[in-house]
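Novice: Structure below; questions to follow.
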Amino acid sequence: MRYNIYIYILVMAVVTYLIRALPLTVFNKKIKNKYILSFLHYVPYTCLSAMILPAIFYSTSSIISAVAGFSVAVILGYFKKGLVTVAVSASIAVFAVEMIMHIY
Amino acid sequence: MNKSFFKGLRHSLPIAIGYFAVSFSFGILTAKYLKFGFSAVSSGILSLTNVTSAGQFAAVTAIAGGAGLVEMAILQFIINLRYALMGFSLNQKLPENMSLFQRSVIAFGNTDEIFAVAISGKYPLSFQYMLGLEVLPVFTWTAGTVVGFLAGEILPKSVSTALGIALYGMLISIVTPVARKEKSVRTVVLISVMLSCLLFYTPFLNKINSGFAVVICTVISSAVGAVFFPVKEEENEV
């Protein structure tokens, strides 16, 4: 059976909020264990990179423009350019490549 | 409202702009599902109360397919479980004396991108800074959804796809400098990416939900890092 949309929204919001809130509230003791600390030290980078690749290649209308945007972002990121510079440059690269592809 | 709040607000600008573009396309999507109860208001409330991209996109399909409530809860749990991992990691960067109320507030807007910006900043992270970081992106995420729903055609497709990569660009700008500096991070990132590609391209394994795939990659590669490159105490006290 199908439920009212607001019931779905409520279920989604509660589940998502609990996932976000429990680690910050109930389990809010500082961790001392070296291995758990190390695990958590790596989480941001492993988690974000698994989200980036390979999904980024399918985030635009063609894999070619996506590769261009990805390359620009990695090169600028490597040279420690700021968040905004990297994000905007990647977008411009995608836009430019898609324009060129549209012409040819 | 103090200096930290405005600093957070400033740091959130690129996220806010990227969110507008992505939620705009979410609004366009929900406008195609009117008969399932999506309206400008319900789509806006969905974005305001959830603030998740993958979870929301998946939910539209689930709702259209007449999913049960337990099914919906499990779906969201699997897709969004990565936020728990991020939460534990973020928790290490919060001042120990931050109140339960303040923690409950900032937990609400702990998205992929906000987490990424927060952990790359100065610790410990104050409540004001986190609040400043979250308030604008949550607003544009909601506003983008409503505007996308009502006026999907105004933004040329070439612009919205180009902006779609902006969020990935931000995440890349967080990961690459650290991967360049620390060999251990470089190694675990490579492992994570290889696992992610394996799960994405291998038949059968690619049936695994993308959100859950991220959890698998994160847990395995971070565990490898913890065993082979345990971090010395002082490195964690950044």
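By convention here, the chains of the structure tokens are called A, B, ... in the order presented, each chain's residues are numbered starting at 1, and ligands are numbered starting at 1 in the order presented.
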Which residues of chain A are close to chain B, meaning at most 7 Å apart when you count only C-alpha atoms, and how do they look as a PyMOL selection string?
Specialist: chain A and resi 1-2+5+8-9+11-13+15-17+19-21+23-25+28+30+34-35+38-54+56+59-61+73-74+77-78+80+82-84+86-88+90-92+94-95
Novice: Based on the backbone DSSP call, show me all residues of region 12-236 of chain B assigned alpha helix (DSSP H), as a ChimeraX atom specification.
Specialist: /B:12-30,40-50,53-64,69-80,82-91,100-108,112-119,127-150,157-164,166-181,183-201,210-228,233-236
Novice: For CA of Lys32 (chain B) and CA of Thr145 (chain B), determine how far apart the two atoms are, in Å to one decimal place.
Specialist: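 Separation between CA of Lys32 (chain B) and CA of Thr145 (chain B): 13.0 Å.
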Novice: Counting only C-alpha atoms, which residue out of B:Ala31, B:Val41, B:Leu125, B:Ala54 sits closest to Lys7 (chain B)?
Specialist: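 The shortest atom-to-atom distance to Lys7 (chain B) comes from B:Leu125.
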Novice: Can you tell me which residues surround Pro137 (chain B) at a distance of at most 7 Å, considering only C-alpha atoms, apart from same-chain residues fewer than 3 positions away, and format the answer as an MDAnalysis selection string?
Specialist: chainID B and resid 12 15:16 19 134 140:141
Novice: Any idea what the distance is between CA of Lys3 (chain B) and CA of Ala143 (chain B)?
Specialist: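 Separating CA of Lys3 (chain B) from CA of Ala143 (chain B) is a distance of 25.9 Å.
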Novice: In Å, rounded to a single decimal, give me how far CA of Phe57 (chain B) is from CA of Tyr3 (chain A).
Specialist: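 Calculated distance between CA of Tyr3 (chain A) and CA of Phe57 (chain B) is 17.8 Å.
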Novice: Could you tell me which of A:Asn4, A:Val97, A:Lys29, A:Leu22 comes closest to Ile63 (chain A) if we count only C-alpha atoms?
Specialist: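 That would be A:Val97, the residue with the smallest distance to Ile63 (chain A).
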